[in-house]
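**Student:** The structure file final_5.txt (compact mmCIF, C-alpha atoms and all ligand atoms) is provided below.
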# COMPACT_ATOMS: atom_id res chain seq x y z
CA MET A 27 -24.74 -185.17 -11.10
CA LYS A 28 -27.15 -186.67 -8.59
CA ALA A 29 -30.30 -184.85 -7.51
CA ALA A 30 -33.59 -185.56 -5.71
CA VAL A 31 -36.20 -185.47 -8.48
CA LEU A 32 -39.88 -184.87 -7.78
CA ARG A 33 -41.98 -186.46 -10.52
CA GLU A 34 -45.39 -186.49 -8.88
CA GLN A 35 -46.86 -184.55 -5.99
CA ASN A 36 -47.11 -186.40 -2.68
CA THR A 37 -44.74 -189.12 -3.81
CA PRO A 38 -41.19 -189.52 -2.50
CA MET A 39 -38.42 -187.84 -4.46
CA GLU A 40 -35.97 -190.25 -6.08
CA ILE A 41 -32.24 -189.70 -6.35
CA GLU A 42 -31.56 -189.67 -10.10
CA GLU A 43 -28.72 -188.83 -12.45
CA VAL A 44 -29.47 -185.38 -13.89
CA GLN A 45 -27.69 -183.51 -16.69
CA ILE A 46 -26.74 -179.92 -15.97
CA SER A 47 -26.03 -177.45 -18.77
CA LYS A 48 -22.86 -175.31 -19.15
CA PRO A 49 -22.95 -171.79 -17.67
CA GLY A 50 -24.39 -169.21 -20.06
CA PRO A 51 -22.75 -165.76 -20.18
CA ARG A 52 -24.31 -164.56 -16.92
CA GLU A 53 -24.69 -167.90 -15.16
CA VAL A 54 -22.72 -169.48 -12.34
CA LEU A 55 -22.22 -173.16 -11.55
CA VAL A 56 -22.30 -173.63 -7.78
CA ARG A 57 -21.37 -176.74 -5.83
CA PRO A 58 -23.66 -176.64 -2.79
CA ILE A 59 -22.04 -177.69 0.47
CA ALA A 60 -25.21 -177.42 2.57
CA ALA A 61 -28.91 -177.17 1.75
CA GLY A 62 -31.70 -176.55 4.26
CA VAL A 63 -34.99 -178.40 3.98
CA CYS A 64 -37.56 -175.61 4.23
CA HIS A 65 -41.25 -175.64 4.96
CA SER A 66 -42.03 -174.03 1.61
CA ASP A 67 -40.59 -177.09 -0.13
CA LEU A 68 -43.46 -178.98 1.48
CA HIS A 69 -46.09 -176.69 -0.06
CA PHE A 70 -44.83 -177.65 -3.49
CA LEU A 71 -44.42 -181.31 -2.60
CA ASP A 72 -48.02 -181.60 -1.40
CA GLY A 73 -49.42 -179.49 -4.24
CA SER A 74 -50.90 -176.63 -2.18
CA TYR A 75 -48.76 -174.59 -4.57
CA PRO A 76 -48.76 -176.05 -8.08
CA TYR A 77 -45.43 -176.33 -9.90
CA MET A 78 -44.25 -177.78 -13.20
CA LEU A 79 -42.94 -181.34 -12.88
CA PRO A 80 -40.52 -182.98 -12.91
CA THR A 81 -38.63 -180.59 -10.71
CA ILE A 82 -35.86 -180.62 -8.11
CA LEU A 83 -36.94 -178.87 -4.92
CA GLY A 84 -34.66 -177.03 -2.49
CA HIS A 85 -34.06 -173.31 -2.32
CA GLU A 86 -31.96 -172.64 0.78
CA SER A 87 -28.29 -173.33 0.20
CA ALA A 88 -24.68 -172.27 0.50
CA GLY A 89 -21.75 -173.51 -1.52
CA ILE A 90 -18.65 -172.82 -3.55
CA VAL A 91 -18.42 -171.40 -7.06
CA GLU A 92 -17.28 -174.07 -9.49
CA GLU A 93 -17.39 -172.23 -12.83
CA VAL A 94 -18.61 -168.86 -14.11
CA GLY A 95 -20.03 -167.72 -17.45
CA LYS A 96 -17.98 -165.42 -19.67
CA ASP A 97 -19.67 -162.16 -18.58
CA VAL A 98 -19.63 -162.83 -14.83
CA THR A 99 -17.23 -160.59 -12.90
CA TYR A 100 -18.88 -160.58 -9.46
CA VAL A 101 -17.64 -164.03 -8.39
CA LYS A 102 -14.88 -166.44 -9.39
CA LYS A 103 -14.16 -170.13 -8.90
CA GLY A 104 -13.65 -170.92 -5.23
CA ASP A 105 -15.75 -168.06 -3.80
CA HIS A 106 -18.14 -168.93 -0.98
CA VAL A 107 -21.71 -167.98 -1.80
CA ILE A 108 -25.25 -168.12 -0.47
CA THR A 109 -27.97 -168.58 -3.07
CA CYS A 110 -31.29 -166.73 -3.06
CA LEU A 111 -34.53 -167.27 -4.94
CA SER A 112 -35.03 -163.50 -5.19
CA ALA A 113 -32.97 -163.23 -8.36
CA PHE A 114 -33.21 -159.63 -9.57
CA CYS A 115 -32.81 -158.25 -13.09
CA GLY A 116 -31.46 -154.90 -11.90
CA HIS A 117 -33.28 -152.64 -14.34
CA CYS A 118 -37.07 -153.10 -14.05
CA ASN A 119 -39.35 -150.66 -12.18
CA LYS A 120 -39.31 -152.81 -9.04
CA CYS A 121 -35.53 -153.18 -9.00
CA LEU A 122 -34.90 -149.50 -9.70
CA THR A 123 -37.24 -148.39 -6.93
CA GLY A 124 -35.43 -150.61 -4.44
CA HIS A 125 -37.90 -153.51 -4.34
CA LEU A 126 -35.56 -156.14 -5.70
CA SER A 127 -37.41 -159.04 -4.11
CA LEU A 128 -40.51 -158.13 -6.15
CA CYS A 129 -38.65 -158.28 -9.47
CA GLN A 130 -40.74 -160.36 -11.85
CA SER A 131 -38.45 -160.16 -14.84
CA PRO A 132 -38.12 -163.56 -16.50
CA GLU A 133 -34.60 -162.83 -17.75
CA VAL A 134 -32.96 -164.53 -14.76
CA SER A 135 -34.41 -167.81 -16.06
CA ARG A 136 -33.52 -169.43 -19.37
CA PRO A 137 -36.24 -168.76 -21.96
CA PRO A 138 -38.40 -171.80 -22.78
CA GLU A 139 -37.03 -172.08 -26.33
CA VAL A 140 -33.38 -172.72 -25.33
CA GLU A 141 -31.84 -175.79 -23.67
CA SER A 142 -33.03 -176.03 -20.08
CA ARG A 143 -30.51 -175.76 -17.26
CA LEU A 144 -31.52 -179.19 -15.96
CA SER A 145 -32.59 -182.29 -17.88
CA ILE A 146 -32.76 -186.07 -17.79
CA GLY A 147 -32.09 -187.82 -21.08
CA GLY A 148 -33.25 -184.77 -23.05
CA GLU A 149 -36.41 -184.26 -20.97
CA THR A 150 -36.66 -180.86 -19.26
CA VAL A 151 -36.43 -180.82 -15.49
CA HIS A 152 -38.04 -177.58 -14.33
CA GLN A 153 -35.67 -175.62 -12.15
CA PHE A 154 -37.35 -174.79 -8.85
CA LEU A 155 -37.44 -171.04 -8.14
CA ASN A 156 -34.38 -170.68 -10.37
CA LEU A 157 -32.34 -172.68 -7.83
CA SER A 158 -33.10 -176.42 -7.26
CA SER A 159 -30.69 -177.06 -4.42
CA PHE A 160 -31.44 -180.70 -3.59
CA ALA A 161 -28.71 -181.45 -6.12
CA GLU A 162 -24.94 -181.86 -6.24
CA LEU A 163 -24.62 -178.87 -8.59
CA MET A 164 -26.69 -175.76 -9.23
CA LEU A 165 -26.65 -173.65 -12.38
CA ILE A 166 -28.05 -170.23 -11.51
CA HIS A 167 -28.11 -166.62 -12.67
CA GLU A 168 -25.34 -164.47 -11.21
CA HIS A 169 -28.06 -162.34 -9.59
CA ALA A 170 -29.26 -165.33 -7.55
CA LEU A 171 -26.21 -165.47 -5.29
CA VAL A 172 -24.17 -163.37 -2.88
CA LYS A 173 -20.54 -163.73 -1.91
CA VAL A 174 -19.90 -164.26 1.83
CA ARG A 175 -17.03 -164.48 4.32
CA GLU A 176 -15.14 -167.75 4.25
CA ASP A 177 -15.15 -168.10 8.05
CA MET A 178 -18.94 -168.55 7.98
CA PRO A 179 -19.91 -172.23 8.47
CA MET A 180 -21.76 -173.46 5.38
CA ASP A 181 -24.66 -175.15 7.19
CA ARG A 182 -25.51 -171.92 9.04
CA ALA A 183 -24.97 -169.92 5.87
CA ALA A 184 -27.52 -172.10 4.06
CA LEU A 185 -30.25 -171.05 6.52
CA ILE A 186 -29.56 -167.41 5.74
CA GLY A 187 -30.46 -168.30 2.13
CA CYS A 188 -34.17 -168.50 3.00
CA SER A 189 -35.54 -168.78 6.54
CA THR A 190 -33.35 -166.13 8.16
CA THR A 191 -33.79 -163.66 5.32
CA THR A 192 -37.54 -164.27 5.24
CA GLY A 193 -38.10 -163.89 8.99
CA VAL A 194 -35.57 -161.23 9.93
CA GLY A 195 -36.27 -159.35 6.68
CA ALA A 196 -40.02 -159.26 7.41
CA VAL A 197 -39.21 -157.55 10.74
CA PHE A 198 -36.51 -155.17 9.46
CA HIS A 199 -37.75 -154.33 5.98
CA THR A 200 -41.42 -155.22 5.44
CA ALA A 201 -42.67 -154.08 8.87
CA GLY A 202 -39.83 -151.81 10.01
CA VAL A 203 -40.15 -152.68 13.72
CA GLU A 204 -38.90 -149.80 15.92
CA PRO A 205 -37.08 -150.21 19.24
CA GLY A 206 -39.57 -150.57 22.10
CA SER A 207 -42.32 -152.10 19.95
CA ILE A 208 -44.57 -154.90 21.15
CA VAL A 209 -44.34 -157.86 18.77
CA ALA A 210 -46.08 -161.23 18.45
CA VAL A 211 -45.03 -164.01 16.11
CA ILE A 212 -47.47 -166.83 15.28
CA GLY A 213 -45.68 -170.04 14.28
CA CYS A 214 -42.22 -170.99 15.53
CA GLY A 215 -40.78 -172.91 12.60
CA GLY A 216 -37.56 -171.73 10.98
CA VAL A 217 -39.08 -168.51 9.62
CA GLY A 218 -41.04 -167.67 12.79
CA LEU A 219 -37.95 -168.20 14.95
CA ALA A 220 -36.00 -165.93 12.61
CA ALA A 221 -38.70 -163.26 12.98
CA ILE A 222 -38.48 -163.59 16.78
CA ASN A 223 -34.70 -163.28 16.62
CA GLY A 224 -35.08 -160.29 14.28
CA ALA A 225 -37.54 -158.57 16.61
CA ALA A 226 -35.09 -159.03 19.49
CA ILE A 227 -32.26 -157.54 17.41
CA ALA A 228 -34.56 -154.66 16.38
CA GLY A 229 -35.05 -153.83 20.07
CA ALA A 230 -38.67 -154.89 20.60
CA SER A 231 -39.64 -154.51 24.25
CA MET A 232 -41.87 -157.56 24.19
CA VAL A 233 -41.61 -160.51 21.79
CA ILE A 234 -44.46 -163.00 22.19
CA ALA A 235 -44.05 -166.40 20.54
CA VAL A 236 -47.20 -168.37 19.71
CA ASP A 237 -47.14 -172.06 18.71
CA MET A 238 -48.80 -175.36 19.61
CA VAL A 239 -45.57 -177.27 20.28
CA ASP A 240 -43.80 -176.71 23.60
CA SER A 241 -40.34 -177.65 22.28
CA LYS A 242 -40.66 -174.90 19.66
CA LEU A 243 -41.71 -172.39 22.30
CA GLU A 244 -38.55 -173.32 24.22
CA LEU A 245 -36.49 -172.65 21.09
CA ALA A 246 -38.32 -169.34 20.70
CA LYS A 247 -37.14 -168.30 24.16
CA ALA A 248 -33.59 -169.27 23.25
CA VAL A 249 -33.62 -166.93 20.24
CA GLY A 250 -35.22 -163.92 21.90
CA ALA A 251 -38.89 -164.41 22.82
CA THR A 252 -39.78 -162.69 26.10
CA HIS A 253 -43.13 -164.50 26.43
CA THR A 254 -44.64 -167.68 24.98
CA ILE A 255 -48.22 -168.79 24.45
CA ASN A 256 -49.26 -172.33 23.62
CA ALA A 257 -52.14 -171.84 21.18
CA ARG A 258 -53.62 -175.20 22.09
CA SER A 259 -55.53 -173.28 24.76
CA GLY A 260 -57.68 -172.06 21.85
CA ASN A 261 -57.51 -168.44 23.00
CA ALA A 262 -54.19 -167.16 21.71
CA VAL A 263 -55.74 -163.83 20.66
CA GLY A 264 -57.27 -163.25 24.10
CA GLU A 265 -54.02 -164.15 25.84
CA VAL A 266 -52.00 -161.78 23.65
CA LEU A 267 -54.47 -158.93 24.19
CA GLU A 268 -54.32 -159.49 27.95
CA LEU A 269 -50.53 -159.82 28.11
CA THR A 270 -50.01 -156.65 26.07
CA LYS A 271 -52.87 -154.73 27.70
CA GLY A 272 -54.46 -153.91 24.40
CA GLY A 273 -52.60 -155.51 21.51
CA CYS A 274 -49.36 -155.53 19.54
CA ASP A 275 -47.70 -152.88 17.41
CA TYR A 276 -46.53 -155.60 15.05
CA THR A 277 -47.62 -159.18 14.49
CA PHE A 278 -46.13 -161.75 12.13
CA GLU A 279 -47.88 -164.82 10.79
CA ALA A 280 -45.38 -167.52 9.85
CA ILE A 281 -47.56 -170.54 9.18
CA GLY A 282 -49.69 -169.78 6.12
CA LEU A 283 -53.25 -170.39 7.31
CA LYS A 284 -56.43 -168.35 7.01
CA ALA A 285 -57.21 -168.67 10.75
CA THR A 286 -53.77 -167.56 11.95
CA ALA A 287 -53.63 -164.71 9.42
CA GLU A 288 -56.92 -163.46 10.83
CA GLN A 289 -55.62 -163.89 14.39
CA ALA A 290 -52.52 -161.86 13.54
CA PHE A 291 -54.85 -158.98 12.62
CA GLN A 292 -56.99 -159.47 15.73
CA MET A 293 -53.90 -159.27 17.97
CA LEU A 294 -53.08 -155.69 16.89
CA CYS A 295 -53.50 -152.54 18.92
CA SER A 296 -54.84 -149.47 17.11
CA GLY A 297 -52.37 -148.39 14.44
CA GLY A 298 -50.69 -151.81 14.49
CA THR A 299 -49.49 -153.76 11.47
CA ALA A 300 -49.92 -157.46 10.76
CA THR A 301 -47.41 -158.97 8.35
CA ILE A 302 -48.29 -162.27 6.68
CA ILE A 303 -45.17 -164.27 5.88
CA GLY A 304 -46.67 -167.77 5.64
CA MET A 305 -47.72 -169.11 2.25
CA ILE A 306 -51.51 -169.33 2.37
CA PRO A 307 -52.75 -171.96 -0.12
CA VAL A 308 -53.82 -170.62 -3.52
CA GLY A 309 -57.56 -169.90 -3.59
CA THR A 310 -57.94 -169.26 0.18
CA MET A 311 -59.71 -166.04 1.23
CA VAL A 312 -58.85 -164.15 4.43
CA GLU A 313 -61.66 -162.34 6.31
CA LEU A 314 -61.27 -159.23 8.47
CA HIS A 315 -63.67 -157.04 10.40
CA GLY A 316 -64.02 -153.87 8.34
CA VAL A 317 -64.56 -151.71 11.41
CA ASP A 318 -60.98 -152.43 12.51
CA PHE A 319 -59.71 -150.22 9.69
CA LEU A 320 -61.15 -147.24 11.64
CA MET A 321 -58.49 -148.09 14.22
CA GLU A 322 -55.86 -147.77 11.48
CA LYS A 323 -54.96 -151.44 11.76
CA LYS A 324 -52.97 -152.62 8.76
CA ILE A 325 -52.28 -155.96 7.13
CA GLN A 326 -49.61 -156.67 4.54
CA GLY A 327 -47.79 -159.50 2.85
CA SER A 328 -44.07 -160.18 2.97
CA ASN A 329 -42.20 -162.20 0.38
CA MET A 330 -38.66 -163.32 1.23
CA GLY A 331 -38.42 -160.56 3.81
CA SER A 332 -38.59 -157.73 1.22
CA ASN A 333 -34.90 -158.46 0.84
CA ARG A 334 -32.01 -156.77 -0.89
CA PHE A 335 -30.11 -159.98 -0.28
CA ARG A 336 -26.74 -158.85 -1.65
CA ILE A 337 -26.71 -156.35 1.23
CA ASP A 338 -28.74 -158.25 3.81
CA MET A 339 -27.12 -161.67 3.75
CA PRO A 340 -23.53 -160.56 4.47
CA ARG A 341 -24.98 -158.52 7.38
CA PHE A 342 -26.81 -161.58 8.70
CA VAL A 343 -23.54 -163.51 8.46
CA ASP A 344 -21.92 -160.81 10.64
CA PHE A 345 -24.89 -160.97 13.04
CA TYR A 346 -24.29 -164.71 13.40
CA LEU A 347 -20.56 -164.42 13.86
CA ASN A 348 -20.91 -161.69 16.48
CA GLY A 349 -23.53 -163.64 18.40
CA LYS A 350 -26.72 -161.70 17.63
CA LEU A 351 -28.30 -164.20 15.24
CA HIS A 352 -28.86 -167.63 16.76
CA LEU A 353 -28.57 -170.20 14.02
CA ASP A 354 -26.97 -173.08 15.92
CA GLN A 355 -30.24 -174.02 17.63
CA MET A 356 -32.15 -173.92 14.35
CA ILE A 357 -30.48 -177.03 12.98
CA SER A 358 -31.78 -180.22 14.50
CA LYS A 359 -29.95 -182.66 12.24
CA HIS A 360 -27.42 -182.95 9.43
CA ILE A 361 -28.45 -185.46 6.79
CA LYS A 362 -27.43 -186.88 3.41
CA LEU A 363 -29.21 -185.97 0.16
CA ALA A 364 -30.70 -189.48 0.06
CA ASP A 365 -32.54 -188.76 3.34
CA VAL A 366 -34.39 -185.72 2.04
CA ASN A 367 -37.80 -187.44 2.04
CA THR A 368 -37.44 -188.30 5.72
CA ALA A 369 -36.48 -184.70 6.49
CA LEU A 370 -39.58 -183.33 4.73
CA HIS A 371 -41.69 -185.84 6.58
CA ALA A 372 -40.23 -184.68 9.90
CA LEU A 373 -40.99 -181.05 8.99
CA LYS A 374 -44.56 -181.98 8.25
CA SER A 375 -45.01 -183.58 11.67
CA GLY A 376 -44.10 -180.17 13.10
CA GLU A 377 -42.04 -181.47 16.01
CA GLU A 378 -38.57 -180.72 14.75
CA ALA A 379 -36.53 -177.72 13.68
CA ARG A 380 -34.57 -177.83 10.47
CA HIS A 381 -32.70 -180.64 8.80
CA VAL A 382 -29.75 -179.55 6.70
CA ILE A 383 -28.41 -181.68 3.87
CA MET A 384 -24.61 -181.87 3.83
CA PHE A 385 -23.16 -182.84 0.45
CA ASP A 386 -20.17 -185.12 0.25
CA GLN A 387 -17.00 -183.18 -0.46
CA MET B 17 -72.01 -176.91 -26.92
CA ALA B 18 -71.09 -176.53 -23.27
CA THR B 19 -67.79 -174.82 -22.60
CA GLU B 20 -65.53 -174.26 -19.60
CA ARG B 21 -63.46 -171.10 -19.16
CA ILE B 22 -60.03 -171.74 -17.66
CA LYS B 23 -59.02 -168.93 -15.32
CA SER B 24 -55.70 -167.90 -13.86
CA GLU B 25 -55.35 -168.48 -10.12
CA ILE B 26 -52.59 -165.88 -9.86
CA THR B 27 -51.18 -162.68 -11.28
CA GLY B 28 -48.19 -163.39 -13.52
CA THR B 29 -46.91 -163.78 -17.06
CA VAL B 30 -47.59 -166.41 -19.70
CA TRP B 31 -44.31 -168.36 -19.94
CA LYS B 32 -45.11 -171.09 -22.46
CA ILE B 33 -48.23 -172.45 -24.18
CA LEU B 34 -48.14 -176.23 -24.29
CA MET B 35 -51.26 -176.99 -26.37
CA ALA B 36 -52.95 -175.57 -29.46
CA GLU B 37 -56.51 -174.68 -30.37
CA GLY B 38 -58.32 -177.80 -31.57
CA ASP B 39 -56.24 -180.17 -29.42
CA ALA B 40 -58.11 -182.82 -27.44
CA ILE B 41 -57.48 -182.44 -23.74
CA ASP B 42 -57.82 -184.73 -20.71
CA VAL B 43 -58.57 -183.84 -17.13
CA ALA B 44 -55.43 -182.50 -15.41
CA ALA B 45 -53.57 -182.01 -18.70
CA GLU B 46 -51.33 -178.94 -18.73
CA ILE B 47 -52.47 -176.22 -21.14
CA MET B 48 -49.80 -173.63 -20.43
CA ILE B 49 -47.15 -172.52 -17.93
CA LEU B 50 -47.47 -169.23 -16.08
CA GLU B 51 -44.59 -167.48 -14.38
CA SER B 52 -45.23 -165.62 -11.15
CA MET B 53 -42.72 -164.55 -8.51
CA LYS B 54 -40.13 -166.79 -10.22
CA MET B 55 -42.41 -169.85 -9.98
CA GLU B 56 -43.32 -171.97 -13.01
CA ILE B 57 -47.00 -172.66 -12.46
CA PRO B 58 -48.91 -175.14 -14.63
CA VAL B 59 -52.46 -174.34 -15.74
CA GLU B 60 -54.31 -177.63 -15.76
CA SER B 61 -57.66 -178.42 -17.32
CA PRO B 62 -60.33 -179.40 -14.79
CA VAL B 63 -62.35 -181.01 -17.60
CA ALA B 64 -61.92 -183.23 -20.66
CA GLY B 65 -62.76 -181.93 -24.12
CA ARG B 66 -61.17 -179.93 -26.90
CA ILE B 67 -59.42 -176.58 -26.71
CA GLN B 68 -61.69 -174.11 -28.49
CA THR B 69 -59.75 -170.88 -27.90
CA ILE B 70 -56.51 -169.85 -26.25
CA LEU B 71 -56.97 -166.28 -25.11
CA VAL B 72 -53.39 -165.34 -24.23
CA ALA B 73 -49.96 -165.44 -25.85
CA PRO B 74 -46.46 -166.04 -24.43
CA GLY B 75 -45.23 -162.94 -22.62
CA ASP B 76 -48.73 -161.62 -21.84
CA ALA B 77 -49.32 -160.32 -18.33
CA VAL B 78 -52.33 -162.02 -16.73
CA ASP B 79 -54.38 -161.10 -13.68
CA GLU B 80 -55.93 -163.35 -11.07
CA ASP B 81 -59.26 -164.70 -12.39
CA GLN B 82 -58.49 -163.69 -15.97
CA ASP B 83 -59.74 -166.13 -18.63
CA LEU B 84 -56.86 -168.00 -20.26
CA ALA B 85 -58.57 -170.54 -22.50
CA ILE B 86 -61.96 -171.96 -23.42
CA ILE B 87 -62.53 -175.72 -23.52
CA GLU B 88 -65.43 -177.40 -25.35
CA LEU B 89 -66.64 -180.21 -23.14
CA ASP B 90 -66.86 -183.78 -24.44
ZN ZN C 401 -37.71 -171.44 2.26
ZN ZN C 402 -36.00 -156.39 -11.87
Any chance you could give the structure as C-alpha cells?

**Tutor:**
Amino acid sequence: MKAAVLREQNTPMEIEEVQISKPGPREVLVRPIAAGVCHSDLHFLDGSYPYMLPTILGHESAGIVEEVGKDVTYVKKGDHVITCLSAFCGHCNKCLTGHLSLCQSPEVSRPPEVESRLSIGGETVHQFLNLSSFAELMLIHEHALVKVREDMPMDRAALIGCSTTTGVGAVFHTAGVEPGSIVAVIGCGGVGLAAINGAAIAGASMVIAVDMVDSKLELAKAVGATHTINARSGNAVGEVLELTKGGCDYTFEAIGLKATAEQAFQMLCSGGTATIIGMIPVGTMVELHGVDFLMEKKIQGSNMGSNRFRIDMPRFVDFYLNGKLHLDQMISKHIKLADVNTALHALKSGEEARHVIMFDQ
Amino acid sequence: MATERIKSEITGTVWKILMAEGDAIDVAAEIMILESMKMEIPVESPVAGRIQTILVAPGDAVDEDQDLAIIELD
C-alpha cells in the first residue's frame, strides 16, 4: 500500500510503498476513506515533540473495515468506523475508573520483539500513535476504533476522530461546563472551534473566541461564539476581563504556548478553571501567580478531551446529523494523499481551516 | 573521566533499549525508546562518547527528569 513516510523532521514526507502486516487476533485492518490533517501532526513533523522515525503521521480518520483478526467480534468487514488514538486496554486502573483516555497500557501496540505492523523492505516503520492514517490501509487494535452510522459522511466523521473529540470533550468531560457559564477559548483552529461549538451545545451564556486571524474569528461565530477578540491588540486578557466584568468561569487554551496558557489562567474569575488543550513543547515551563490560588482558580490539562470515545463519537455523529455540531465549515479543502505536505504547510501558516485527505475508492 | 547523565523528558515506560553498555555513541544517536501516552519517544544522546551505564530496563516506569543512562565523554 502507499503511505506518506516521514524519514526526517522538517523534511517533506514522501509517498512510498509500505508493507502492512496481517491482523493479529485483536487487530483490525481499516481502509481509510478520509483523513484529516491535524495541527498535532505538525508538532511531530517539526520535532517539538520527538518521535521515532521513520513514521507515517496522521491520526484523524474514518473508513471501512477490510479484515478482522480471529478474536474480534465488535466489528466485521464493511462496517463504517472512526479511529481514535486513545486506544484503551479495558482492564488497567485508569480504564476501570473510567479514565480510558489516560490508559497507558502498551498492549494495544505490538511488542517490540514481534513483526511491526508497518515496514519497508524489512525495516520497521514506527506506527504513529497506534494509527498512522496518512496511508491507504491502517492496521490497528480493535480498541482504537468505534463503529458509526453509515449515513454519516466520511470526511466529517474523520474530524470527529481527533479535533471534535478533543475540543468538545475538553468542554463536556475535562471541564464539565454548566449551562449559563462564561467561557473563553484561545485559539480558533480545528480544536478551538470544536471547543467553542461544545461550549455552545453545553449552554454557555457567553462564548468568547480569541485568535489573531479575522477569518478564524468569523468561523468561530459561525460555530457558536457570542463574542470575538482579535489578540493582535496585545491586550486579550484585559478585553476578556472587561467584557465579562470580572473573568470567565471556564477558559480553554487550544494553541499550545506558554504565553497563552498563562493568559487562560489570567482570564478566570474567582473559582474559575483553565483547561490547557494545546500541546506545549516538551521542556517548556508555565508560570502562574501563586496568590491567584487564594481565589480558587484552577488549571488543568486535557488530553483528547478526556474521552470515552466508543460512547462519545457516535453521540457527536448524532450531534452533526441533527445540526448541533458544525463540521461543514471546518473543512476548507479536500485533497489527495500526495498533497499532504502542502496541507501541513497551509496549517502552519495559520490562515486556513482543515484539509481532509480523500483516498481513492 | 567526564560523564553526562541522560535524563527522561517525560513520564512513561521504557519500550526498547537500542544500545548496550560499552557501545560508542554519536551525537543524536538513539539510546532507547520510551512509551508515553501511546507515543514512541526516542531518547537521543546530546553528546558523543561511550555508554558507561544503562540505568533502566524494558518495561520500567520512568519519571520526568529521571536518569536513564550515563555516557562517558570522548
Ligand atoms: Zn489531532
Ligand atoms: Zn487501560

**Student:** Which of these, A:Pro132, A:Gly331, A:Gly62, A:Gly193, has the shortest distance to ligand ZN 402 (chain C) once you count only C-alpha atoms and all ligand atoms?

**Tutor:**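 Going through A:Pro132, A:Gly331, A:Gly62, A:Gly193 one by one, the smallest distance to ligand ZN 402 (chain C) is for A:Pro132.
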
**Student:** Near stretch 77-86 of chain B, within 9 Å and counting only C-alpha atoms, which residues show up once chain neighbours fewer than 6 positions away are dropped, as an MDAnalysis selection string?

**Tutor:** chainID B and resid 19:30 47 50 59 66:71

**Student:** Give the residue list for ligand ZN 401 (chain C) at 7 Å, counting all atoms listed in the file, as a list of chain:residue names, sorted by chain and then by residue number.

**Tutor:** A:Cys64, A:His65, A:Ser66, A:Asp67, A:His85, A:Glu86, A:Cys188, A:Ser189

**Student:** Output C-alpha atoms for every residue in the selection just made, as a tab-separated table (two decimals), in the coordinates of the input.

**Tutor:**
chain	number	residue	atom	x	y	z
A	64	CYS	CA	-37.56	-175.61	4.23
A	65	HIS	CA	-41.25	-175.64	4.96
A	66	SER	CA	-42.03	-174.03	1.61
A	67	ASP	CA	-40.59	-177.09	-0.13
A	85	HIS	CA	-34.06	-173.31	-2.32
A	86	GLU	CA	-31.96	-172.64	0.78
A	188	CYS	CA	-34.17	-168.50	3.00
A	189	SER	CA	-35.54	-168.78	6.54

**Student:** Enter the distance from atom CA of B:Ser52 to atom CA of A:His167, in Å, rounded to one decimal.

**Tutor:**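 These two atoms are separated by 17.2 Å.
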
**Student:** Let me make sure I understand: among A:Ala280, A:Ile212, A:Ala251, A:Ala226, which one has the smallest atom-to-atom distance to A:Met293 if we use only C-alpha atoms?

**Tutor:**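 Going through A:Ala280, A:Ile212, A:Ala251, A:Ala226 one by one, the smallest distance to A:Met293 is for A:Ile212.
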
**Student:** Name each residue within 8 Å of ligand ZN 402 (chain C), counting only C-alpha atoms and all ligand atoms, as a PyMOL selection string.

**Tutor:** chain A and resi 114-122+126+128-131

**Student:** Quick check, in Å to one decimal: how far apart do atom CA of A:Met180 and atom CA of A:Asp237 lie?

**Tutor:**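 Between atom CA of A:Met180 and atom CA of A:Asp237 the gap works out to 28.7 Å.
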
**Student:** Could you list, as a list in words, the residues of chain A having an atom within 6 Å of chain B when counting only C-alpha atoms?

**Tutor:** Pro76, Tyr77, Met78, Gln130 and Leu155 of chain A

**Student:** Excluding A:Thr252 and any residue of its chain fewer than 3 positions from it, enumerate the residues within 7 Å of it, using all atoms listed in the file, and give them as a list in words.

**Tutor:**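 My list of contacting residues is Met232, Val233, Ile234 and Lys247 of chain A.
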
**Student:** Provide the atom CA of A:Met178 to atom CA of A:Phe385 distance in Å, to one decimal place.

**Tutor:**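 Computing it gives 16.7 Å between the two atoms.
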
**Student:** Quick one: residues within 7 Å of stretch 303-317 of chain A, only C-alpha atoms counted, chain neighbours fewer than 3 positions away excluded, as an NGL selection string?

**Tutor:** :A and (74-75 or 278-284 or 288 or 320 or 327-329)

**Student:** If we count all atoms listed in the file, what is near A:Lys96 at a cut-off of 10 Å, once residues fewer than 2 positions away on the same chain are taken out, given as a PyMOL selection string?

**Tutor:** chain A and resi 49-54+93-94+98-99

**Student:** Tell me which protein, DNA and RNA residues are within 10 Å of B:Met17, counting only C-alpha atoms, leaving out same-chain ones fewer than 5 positions away, and put them as a ChimeraX atom specification.

**Tutor:** /B:88-90

**Student:** The residues within 6 Å of (-37.2, -185.5, -3.9), using only C-alpha atoms and the coordinates of the file, should be reported as a list in words; which are they?

**Tutor:**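 The answer, in the requested form, is Ala30, Val31, Leu32, Pro38, Met39 and Glu40 of chain A.
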
**Student:** May I ask which of the residues A:Ser207, A:Thr299, A:Thr286, A:Ser158 is the closest one to A:Thr270, counting all atoms listed in the file?

**Tutor:**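 Ranked by minimum distance to A:Thr270, first place goes to A:Ser207.
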
**Student:** Quick one: axis-aligned box around all listed atoms of stretch 63-77 of chain A, 5 Å on every side, centre and edge lengths in Å to one decimal, written as AutoDock Vina command-line options.

**Tutor:**
--center_x -42.9 --center_y -177.8 --center_z -2.5 --size_x 25.9 --size_y 17.6 --size_z 24.9

**Student:** Taking all atoms listed in the file into account, which of A:Cys110, A:Leu79, A:Ile186, A:Ala372 comes nearest A:His352?

**Tutor:**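 Among A:Cys110, A:Leu79, A:Ile186, A:Ala372, it is A:Ile186 that comes nearest to A:His352.
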